[in-house]
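Participant: File coords23.txt follows (compact mmCIF, C-alpha atoms and all ligand atoms):
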```txt
# COMPACT_ATOMS: atom_id res chain seq x y z
CA MET A 1 11.69 24.82 -15.28
CA LYS A 2 14.12 23.30 -12.82
CA ARG A 3 12.58 20.05 -11.63
CA PHE A 4 14.77 19.80 -8.56
CA TYR A 5 12.23 17.63 -6.75
CA LEU A 6 12.86 14.71 -9.12
CA GLN A 7 16.16 14.32 -7.26
CA GLN A 8 14.72 15.50 -3.96
CA PRO A 9 11.38 13.80 -3.33
CA GLU A 10 11.60 14.95 0.30
CA ALA A 11 11.23 18.55 -0.95
CA LEU A 12 8.11 17.54 -2.86
CA ALA A 13 6.81 15.76 0.26
CA ALA A 14 7.27 18.99 2.23
CA SER A 15 5.42 21.04 -0.42
CA TYR A 16 2.65 18.43 -0.60
CA LEU A 17 2.24 18.46 3.16
CA ALA A 18 2.27 22.28 3.26
CA ALA A 19 -0.50 22.38 0.64
CA LEU A 20 -2.54 19.89 2.67
CA MET A 21 -1.98 21.81 5.91
CA ALA A 22 -3.24 24.93 4.15
CA GLY A 23 -6.33 22.99 3.07
CA ASP A 24 -5.41 23.55 -0.59
CA ARG A 25 -6.32 20.23 -2.19
CA THR A 26 -5.99 21.64 -5.73
CA ALA A 27 -2.37 22.65 -5.11
CA ALA A 28 -1.64 19.23 -3.57
CA LEU A 29 -3.12 17.42 -6.55
CA HIS A 30 -1.30 19.64 -9.05
CA LEU A 31 2.05 18.99 -7.36
CA ILE A 32 1.66 15.25 -7.79
CA GLN A 33 0.22 15.51 -11.31
CA ARG A 34 3.23 17.59 -12.33
CA ALA A 35 5.66 15.13 -10.75
CA LEU A 36 3.96 12.26 -12.61
CA ALA A 37 4.10 14.19 -15.89
CA ASP A 38 7.78 14.93 -15.28
CA GLY A 39 8.47 11.23 -14.94
CA MET A 40 8.74 10.69 -11.20
CA PRO A 41 8.23 6.93 -10.74
CA LEU A 42 5.04 5.81 -9.04
CA ASN A 43 6.90 4.06 -6.21
CA THR A 44 8.88 7.22 -5.47
CA ILE A 45 5.67 9.25 -5.28
CA TYR A 46 4.08 6.65 -3.03
CA GLN A 47 7.01 5.83 -0.73
CA GLU A 48 9.00 9.04 -0.66
CA VAL A 49 6.31 11.70 -1.03
CA LEU A 50 2.87 10.52 0.13
CA GLN A 51 4.04 8.08 2.83
CA PRO A 52 6.33 10.50 4.75
CA ALA A 53 3.67 13.21 4.49
CA LEU A 54 1.13 10.82 6.07
CA TYR A 55 3.56 9.74 8.78
CA GLU A 56 4.10 13.41 9.64
CA VAL A 57 0.34 13.94 9.71
CA GLY A 58 0.09 11.04 12.19
CA ARG A 59 2.81 12.59 14.36
CA LEU A 60 1.09 16.00 14.35
CA TRP A 61 -2.26 14.37 15.17
CA ALA A 62 -0.72 12.38 18.05
CA CYS A 63 0.66 15.58 19.64
CA ASP A 64 -2.61 17.44 19.22
CA GLN A 65 -1.21 19.78 16.59
CA LEU A 66 -3.68 18.64 13.95
CA SER A 67 -7.43 18.12 14.23
CA VAL A 68 -9.20 14.90 13.35
CA ALA A 69 -11.00 16.80 10.57
CA ASN A 70 -7.67 17.82 9.07
CA GLU A 71 -6.38 14.26 9.30
CA HIS A 72 -9.48 13.04 7.44
CA LEU A 73 -9.01 15.75 4.81
CA VAL A 74 -5.41 14.67 4.25
CA THR A 75 -6.57 11.06 3.89
CA ALA A 76 -9.30 12.00 1.42
CA VAL A 77 -6.99 14.12 -0.74
CA THR A 78 -4.29 11.43 -0.71
CA ARG A 79 -6.78 8.80 -1.83
CA ARG A 80 -7.84 11.12 -4.65
CA VAL A 81 -4.20 11.68 -5.61
CA MET A 82 -3.61 7.92 -5.68
CA GLU A 83 -6.61 7.43 -7.97
CA VAL A 84 -4.93 9.83 -10.40
CA CYS A 85 -1.61 8.00 -10.03
CA ALA A 86 -3.31 4.65 -10.66
CA THR A 87 -4.60 5.82 -14.05
CA THR A 88 -1.00 5.54 -15.28
CA ILE A 89 -1.03 1.78 -14.65
CA THR A 90 -1.96 -0.42 -17.57
CA PRO A 91 -4.27 -3.17 -16.28
CA PRO A 92 -2.63 -6.60 -16.23
CA PRO A 93 -3.41 -9.04 -19.06
CA ALA A 94 -6.82 -10.71 -18.83
CA GLY A 95 -6.93 -13.85 -16.75
CA PRO A 96 -7.67 -15.06 -13.27
CA PRO A 97 -6.36 -12.99 -10.38
CA GLN A 98 -3.16 -14.24 -8.79
CA ILE A 99 -3.13 -12.12 -5.66
CA ILE A 100 -5.59 -10.80 -3.08
CA ALA A 101 -4.48 -7.68 -1.17
CA THR A 102 -6.52 -7.14 1.96
CA GLY A 103 -6.82 -5.65 5.40
CA VAL A 104 -8.15 -7.83 8.17
CA GLY A 105 -10.20 -7.56 11.35
CA PRO A 106 -11.26 -4.03 12.29
CA GLU A 107 -8.27 -2.52 10.46
CA LEU A 108 -9.36 0.63 8.63
CA HIS A 109 -5.95 1.85 7.49
CA ASP A 110 -5.74 0.82 3.84
CA ILE A 111 -3.58 3.38 2.03
CA GLY A 112 -0.30 1.45 2.42
CA LEU A 113 -2.06 -1.71 1.24
CA ARG A 114 -3.38 0.13 -1.80
CA MET A 115 0.13 1.31 -2.61
CA VAL A 116 1.37 -2.29 -2.48
CA ALA A 117 -1.53 -3.49 -4.67
CA ASP A 118 -0.82 -0.76 -7.24
CA GLY A 119 2.89 -1.63 -7.24
CA LEU A 120 2.09 -5.31 -7.88
CA GLU A 121 -0.38 -4.44 -10.62
CA LEU A 122 2.17 -2.16 -12.25
CA ARG A 123 4.50 -5.13 -12.33
CA GLY A 124 1.85 -7.17 -14.13
CA TRP A 125 0.37 -9.18 -11.26
CA ASN A 126 -3.41 -9.44 -11.46
CA THR A 127 -4.28 -8.23 -7.95
CA LEU A 128 -7.67 -8.00 -6.27
CA TYR A 129 -7.53 -5.09 -3.82
CA LEU A 130 -10.17 -5.46 -1.09
CA GLY A 131 -9.31 -2.55 1.23
CA GLY A 132 -9.59 -2.66 5.02
CA ASN A 133 -12.05 -4.15 7.49
CA VAL A 134 -12.85 -7.29 5.49
CA PRO A 135 -14.43 -10.27 7.36
CA MET A 136 -11.99 -13.14 7.62
CA ASN A 137 -14.31 -15.83 6.24
CA ALA A 138 -15.01 -13.64 3.19
CA ILE A 139 -11.29 -13.30 2.46
CA VAL A 140 -10.78 -17.08 2.69
CA ALA A 141 -13.86 -17.81 0.55
CA LEU A 142 -12.67 -15.45 -2.19
CA ALA A 143 -9.13 -16.81 -2.08
CA VAL A 144 -10.46 -20.35 -2.52
CA GLN A 145 -12.96 -19.36 -5.22
CA GLN A 146 -10.30 -17.54 -7.24
CA ARG A 147 -7.57 -20.04 -6.37
CA VAL A 148 -5.08 -17.23 -5.85
CA ALA A 149 -1.40 -17.92 -5.32
CA LEU A 150 -0.90 -15.22 -2.71
CA VAL A 151 -2.81 -13.32 -0.07
CA ALA A 152 -1.08 -10.04 0.87
CA VAL A 153 -2.29 -8.87 4.28
CA SER A 154 -1.81 -5.43 5.82
CA ILE A 155 -2.22 -4.13 9.34
CA THR A 156 -1.27 -0.75 10.78
CA THR A 157 -2.62 -1.11 14.30
CA SER A 158 -0.27 -3.21 16.42
CA SER A 159 -3.00 -5.01 18.37
CA TYR A 160 -4.51 -6.44 15.17
CA ALA A 161 -1.65 -8.91 14.59
CA ARG A 162 -3.85 -11.64 16.13
CA TYR A 163 -6.35 -11.21 13.26
CA VAL A 164 -3.54 -11.83 10.80
CA ARG A 165 -2.55 -14.99 12.68
CA ASP A 166 -6.17 -16.24 12.59
CA LEU A 167 -6.45 -15.48 8.88
CA VAL A 168 -3.23 -17.36 8.14
CA THR A 169 -4.53 -20.35 10.12
CA ASP A 170 -7.85 -20.33 8.23
CA LEU A 171 -6.09 -20.03 4.86
CA ARG A 172 -3.76 -22.94 5.69
CA GLN A 173 -6.80 -25.10 6.53
CA SER A 174 -8.68 -24.14 3.36
CA ALA A 175 -8.83 -26.03 0.05
CA ILE A 176 -5.86 -24.02 -1.27
CA GLY A 177 -3.99 -24.25 2.03
CA ALA A 178 -1.21 -26.48 0.70
CA ARG A 179 0.01 -23.97 -1.87
CA VAL A 180 -1.27 -20.47 -1.07
CA LYS A 181 1.40 -18.08 0.19
CA VAL A 182 0.81 -15.28 2.68
CA LEU A 183 2.83 -12.07 2.60
CA VAL A 184 2.23 -9.67 5.49
CA GLY A 185 3.18 -6.03 5.94
CA GLY A 186 2.51 -2.72 7.60
CA GLN A 187 4.05 -0.72 10.41
CA PRO A 188 3.81 -3.39 13.17
CA PHE A 189 5.84 -5.77 10.99
CA ASN A 190 8.35 -3.04 10.22
CA ARG A 191 8.77 -2.32 13.93
CA THR A 192 9.01 -5.97 15.06
CA PRO A 193 11.14 -7.99 12.62
CA GLU A 194 10.07 -11.46 13.91
CA LEU A 195 6.33 -10.72 13.96
CA TRP A 196 5.71 -12.18 10.50
CA ARG A 197 6.97 -15.57 11.68
CA GLN A 198 4.84 -15.38 14.81
CA VAL A 199 1.66 -14.93 12.74
CA GLY A 200 2.65 -17.90 10.54
CA ALA A 201 3.17 -15.94 7.31
CA ASP A 202 5.59 -16.86 4.53
CA GLY A 203 7.29 -13.48 4.57
CA THR A 204 7.12 -9.74 4.95
CA ALA A 205 8.37 -6.66 3.13
CA ALA A 206 8.82 -3.11 4.34
CA ASP A 207 7.33 -1.22 1.42
CA VAL A 208 6.09 -1.36 -2.18
CA THR A 209 9.54 -2.02 -3.62
CA GLY A 210 10.15 -4.83 -1.14
CA ALA A 211 6.72 -6.35 -1.76
CA VAL A 212 7.22 -6.40 -5.53
CA ALA A 213 10.66 -7.99 -5.10
CA TRP A 214 9.31 -10.64 -2.69
CA VAL A 215 6.45 -11.59 -5.00
CA GLY A 216 8.75 -11.74 -8.02
CA GLN A 217 11.00 -14.15 -6.13
CA HIS A 218 8.36 -16.37 -4.49
CA LEU A 219 5.71 -16.53 -7.20
CA ALA A 220 8.09 -16.82 -10.12
CA SER A 221 7.07 -20.43 -10.83
CA TYR A 222 3.36 -19.70 -10.51
CA ALA A 223 2.89 -17.36 -13.47
CA ALA A 224 5.21 -15.01 -15.23
CA PRO A 225 3.99 -11.44 -15.08
CA ASP A 226 3.94 -9.34 -18.18
CA THR A 227 7.47 -8.01 -18.33
CA ALA A 228 6.96 -5.96 -21.45
CA PRO A 229 8.33 -2.44 -21.04
CA ASP A 230 6.25 0.69 -20.81
CA ARG A 231 3.21 -0.68 -19.04
CA ASP A 232 2.39 2.91 -18.11
CA ARG A 233 0.45 4.88 -20.65
CA ARG A 234 2.72 7.88 -20.62
CA GLY A 235 5.05 6.59 -23.31
CA SER A 236 8.19 7.22 -21.32
CA THR A 237 11.30 5.51 -22.70
CA ALA A 238 12.38 4.26 -19.30
CA THR A 239 10.19 1.46 -18.04
CA GLN A 240 7.96 1.73 -15.02
CA LEU A 241 8.78 -1.90 -14.38
CA GLU A 242 12.44 -1.18 -13.90
CA ARG A 243 11.61 1.66 -11.59
CA VAL A 244 9.48 -0.29 -9.14
C1 LIG A 301 -4.72 8.27 7.82
C2 LIG A 301 -4.73 7.62 9.17
C3 LIG A 301 -5.95 7.14 9.66
C4 LIG A 301 -7.20 7.10 8.82
C5 LIG A 301 -7.09 5.85 7.89
C6 LIG A 301 -7.77 6.04 6.55
C7 LIG A 301 -7.45 4.97 5.56
N1 LIG A 301 -8.43 4.70 4.73
O1 LIG A 301 -6.36 4.38 5.54
C8 LIG A 301 -8.31 6.96 9.91
C9 LIG A 301 -8.81 8.35 10.28
C10 LIG A 301 -9.49 6.06 9.55
C11 LIG A 301 -7.49 6.41 11.09
C12 LIG A 301 -8.07 5.77 12.16
C13 LIG A 301 -7.36 5.36 13.28
N2 LIG A 301 -6.05 5.57 13.51
CO1 LIG A 301 -4.82 6.22 12.17
N3 LIG A 301 -3.51 7.01 11.12
C14 LIG A 301 -3.53 7.50 9.92
C15 LIG A 301 -2.13 7.98 9.50
C16 LIG A 301 -2.04 9.49 9.71
C17 LIG A 301 -1.68 7.64 8.11
C18 LIG A 301 -1.80 6.13 7.73
C19 LIG A 301 -1.15 5.92 6.39
O2 LIG A 301 -1.82 5.87 5.38
N4 LIG A 301 0.20 5.89 6.35
C20 LIG A 301 0.96 5.88 5.09
C21 LIG A 301 1.14 4.47 4.52
C22 LIG A 301 1.62 4.56 3.09
O3 LIG A 301 2.17 3.84 5.28
P1 LIG A 301 2.08 2.33 5.73
O4 LIG A 301 0.71 2.00 6.16
O5 LIG A 301 3.18 2.14 6.70
O6 LIG A 301 2.36 1.47 4.42
C23 LIG A 301 3.66 1.18 3.91
C24 LIG A 301 4.39 0.02 4.60
O7 LIG A 301 4.02 -0.18 5.95
C25 LIG A 301 4.12 -1.18 3.73
N5 LIG A 301 2.90 -1.96 3.85
C26 LIG A 301 1.66 -1.60 4.29
N6 LIG A 301 0.80 -2.60 4.13
C27 LIG A 301 1.47 -3.65 3.59
C28 LIG A 301 1.05 -4.94 3.22
C29 LIG A 301 1.99 -5.82 2.69
C30 LIG A 301 1.54 -7.21 2.30
C31 LIG A 301 3.34 -5.42 2.53
C32 LIG A 301 4.32 -6.37 2.00
C33 LIG A 301 3.75 -4.13 2.88
C34 LIG A 301 2.82 -3.25 3.42
O8 LIG A 301 4.10 -0.61 2.43
C35 LIG A 301 3.42 0.65 2.49
C36 LIG A 301 3.95 1.53 1.39
O9 LIG A 301 5.35 1.74 1.49
C37 LIG A 301 -1.25 7.19 10.53
C38 LIG A 301 0.14 7.72 10.76
C39 LIG A 301 1.17 6.70 10.31
N7 LIG A 301 2.32 6.65 10.94
O10 LIG A 301 0.99 5.95 9.34
C40 LIG A 301 -2.18 7.11 11.75
C41 LIG A 301 -2.01 5.95 12.75
C42 LIG A 301 -1.65 4.69 12.02
N8 LIG A 301 -3.34 5.82 13.33
C43 LIG A 301 -3.31 5.53 14.59
C44 LIG A 301 -4.47 5.34 15.40
C45 LIG A 301 -4.23 5.21 16.89
C46 LIG A 301 -5.76 5.30 14.83
C47 LIG A 301 -7.08 5.04 15.57
C48 LIG A 301 -7.01 3.96 16.66
C49 LIG A 301 -7.52 6.40 16.14
C50 LIG A 301 -8.81 6.36 16.94
N9 LIG A 301 -8.67 6.56 18.23
O11 LIG A 301 -9.85 6.13 16.38
C51 LIG A 301 -8.02 4.65 14.42
C52 LIG A 301 -8.00 3.13 14.15
C53 LIG A 301 -9.04 2.76 13.17
C54 LIG A 301 -9.00 1.29 12.84
N10 LIG A 301 -9.95 0.53 13.36
O12 LIG A 301 -8.16 0.82 12.10
C55 LIG A 301 -1.88 5.37 15.10
C56 LIG A 301 -1.51 3.88 15.26
C57 LIG A 301 -0.76 3.61 16.54
C58 LIG A 301 -0.39 2.14 16.65
N11 LIG A 301 0.89 1.91 16.89
O13 LIG A 301 -1.17 1.25 16.51
C59 LIG A 301 -1.09 6.19 14.02
C60 LIG A 301 0.36 5.70 13.85
C61 LIG A 301 -1.11 7.68 14.43
C62 LIG A 301 -0.21 7.98 15.60
N12 LIG A 301 0.88 8.69 15.39
O14 LIG A 301 -0.49 7.61 16.71
N13 LIG A 301 -6.17 6.65 10.91
```
Just give me the structure as structure tokens.
Facilitator:
Amino acid sequence: MKRFYLQQPEALAASYLAALMAGDRTAALHLIQRALADGMPLNTIYQEVLQPALYEVGRLWACDQLSVANEHLVTAVTRRVMEVCATTITPPPAGPPQIIATGVGPELHDIGLRMVADGLELRGWNTLYLGGNVPMNAIVALAVQQRVALVAVSITTSSYARYVRDLVTDLRQSAIGARVKVLVGGQPFNRTPELWRQVGADGTAADVTGAVAWVGQHLASYAAPDTAPDRDRRGSTATQLERV
């Protein structure tokens, strides 16, 4: 079979979206399972297939061409697809977590954050993924309890940047404030390049690949991730690590 979509993830994104628009969740899941089996890297599936499909869903919803029910269906199927994708990640070596990945304030969008957390875990970073809508004091308490090196914070809704700023302030004033780093990301940061400085963070990255690179550079002295090849269970000769 000609696996043209390995070179053209945008074609796979279009097929995935078409399956979702038709309400065919089985076809959508099979498309991604086949791409995974054919060796499409996880970050390509996340960033070049699922992400553009979701952005298009948002555009269609905003111009009233897609119902709220359909948008929820797309979200549910995509979360299911990502659970399948995540089974290819070998859990990091045992040990204390190094990173917390969290939403903040009333932020419910958590798919992009989950992609970043999976990308970090694939690279060997022990990452606690909390999802969206987490109370600020609970995030700080967990970060202190686990003495993590990094808190990765995501927002999608522009007006929630102030919650990120408050979280950064609270983290800086906590018992780990002198050394904990804060990486922020999500669409508001991608749209406004200086926003990460304004919220007091240590940096930002546009996507999974950028987040993994940033963490590799800024946490290098903290703990070396497992850089052994083939952390994925599929036995491919190329390494997932090199691909992310
Ligand atoms: C699915 C969806 C929902 C779902 C979310 C489900 C879930 N569990 O995530 C539900 C239905 C709950 C929802 C609700 C709402 N939504 Co909505 N939603 C979307 C949609 C269609 C997809 C979101 C998504 O997953 N995108 C794909 C991910 C992969 O992309 P991403 O988030 O950008 O992530 C990447 C990068 O940004 C980066 N990144 C992300 N996080 C981080 C973190 C770090 C540390 C780093 C380094 C990088 C990083 O890496 C990721 C991977 O490459 C978007 C459309 C869009 N453009 O995204 C609208 C969208 C985001 N929603 C929107 C709106 C308005 C809402 C509501 C206010 C609607 C309403 N009236 O209720 C509510 C808000 C709820 C809330 N309190 O948060 C608007 C936001 C407008 C704005 N500028 O603020 C959008 C853009 C739709 C639109 N076109 O208008 N939504």
Participant: For chain A against ligand LIG 301 (chain A), with a cut-off of 6 Å and counting all atoms listed in the file, what is the closest atom pair and its distance in Å to one decimal for every residue that makes the cut, ordered by chain and number, as a tab-separated table?
Facilitator:
```
residue	atom	partner	partner_atom	distance
A:Gln47	CA	A:LIG301	O9	4.9
A:Gln51	CA	A:LIG301	C22	4.3
A:Leu54	CA	A:LIG301	C17	4.7
A:Tyr55	CA	A:LIG301	N7	4.0
A:Val57	CA	A:LIG301	C16	5.0
A:Gly58	CA	A:LIG301	C38	3.6
A:Arg59	CA	A:LIG301	N12	4.5
A:Ala62	CA	A:LIG301	N12	4.8
A:His72	CA	A:LIG301	C9	5.5
A:Thr75	CA	A:LIG301	C1	5.2
A:Pro106	CA	A:LIG301	N10	4.9
A:Glu107	CA	A:LIG301	O12	3.7
A:Leu108	CA	A:LIG301	O12	3.7
A:His109	CA	A:LIG301	O1	3.2
A:Asp110	CA	A:LIG301	O1	4.0
A:Ile111	CA	A:LIG301	O2	4.5
A:Gly112	CA	A:LIG301	O6	3.3
A:Leu113	CA	A:LIG301	N6	4.2
A:Met115	CA	A:LIG301	C36	5.5
A:Val116	CA	A:LIG301	O8	5.9
A:Ala152	CA	A:LIG301	C30	4.1
A:Val153	CA	A:LIG301	C30	4.6
A:Ser154	CA	A:LIG301	C28	3.9
A:Thr156	CA	A:LIG301	C42	5.6
A:Thr157	CA	A:LIG301	O13	3.5
A:Ser158	CA	A:LIG301	O13	4.6
A:Leu183	CA	A:LIG301	C30	5.0
A:Val184	CA	A:LIG301	C30	4.1
A:Gly185	CA	A:LIG301	C29	3.5
A:Gly186	CA	A:LIG301	O7	3.4
A:Gln187	CA	A:LIG301	O7	4.5
A:Thr204	CA	A:LIG301	C32	5.3
A:Ala205	CA	A:LIG301	C32	4.2
A:Ala206	CA	A:LIG301	C25	5.1
A:Asp207	CA	A:LIG301	O8	3.4
A:Val208	CA	A:LIG301	O9	4.9
A:Ala211	CA	A:LIG301	C32	4.5
```
Participant: Skip Pro91 (chain A) itself and residues of its chain fewer than 4 positions away, then list as number ranges by chain all residues within 8 Å of it, counting all atoms listed in the file.
Facilitator: A: 121-122, 124, 126
Participant: Output as AutoDock Vina command-line options the centre and edge lengths (Å, one decimal) of the box along x, y and z of the file that holds every listed atom of region 203-220 of chain A after adding 6 Å on each side.
Facilitator:
```
--center_x 8.4 --center_y -9.0 --center_z -2.6 --size_x 17.3 --size_y 27.6 --size_z 27.1
```
Participant: Quick one: residues within 8 Å of Thr127 (chain A), all atoms listed in the file, excluding same-chain residues fewer than 5 positions away - as a list in words?
Facilitator: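 That gives Pro97, Gln98, Ile99, Ile100, Ala101, Ala117, Leu120 and Glu121 of chain A.
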Participant: Just the residues within 10 Å of region 23-28 of chain A, please, counting all atoms listed in the file, with nothing from its chain fewer than 4 positions along; format it as a ChimeraX atom specification.
Facilitator: /A:12-13,15-19,32-33,70,73-74,76-78,80-81
Participant: Under the rule that all atoms listed in the file are counted, which of A:Cys85, A:Val199, A:Ala94, A:Leu150 is the nearest residue to Lys181 (chain A)?
Facilitator: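 Result for the nearest residue to Lys181 (chain A): A:Leu150.
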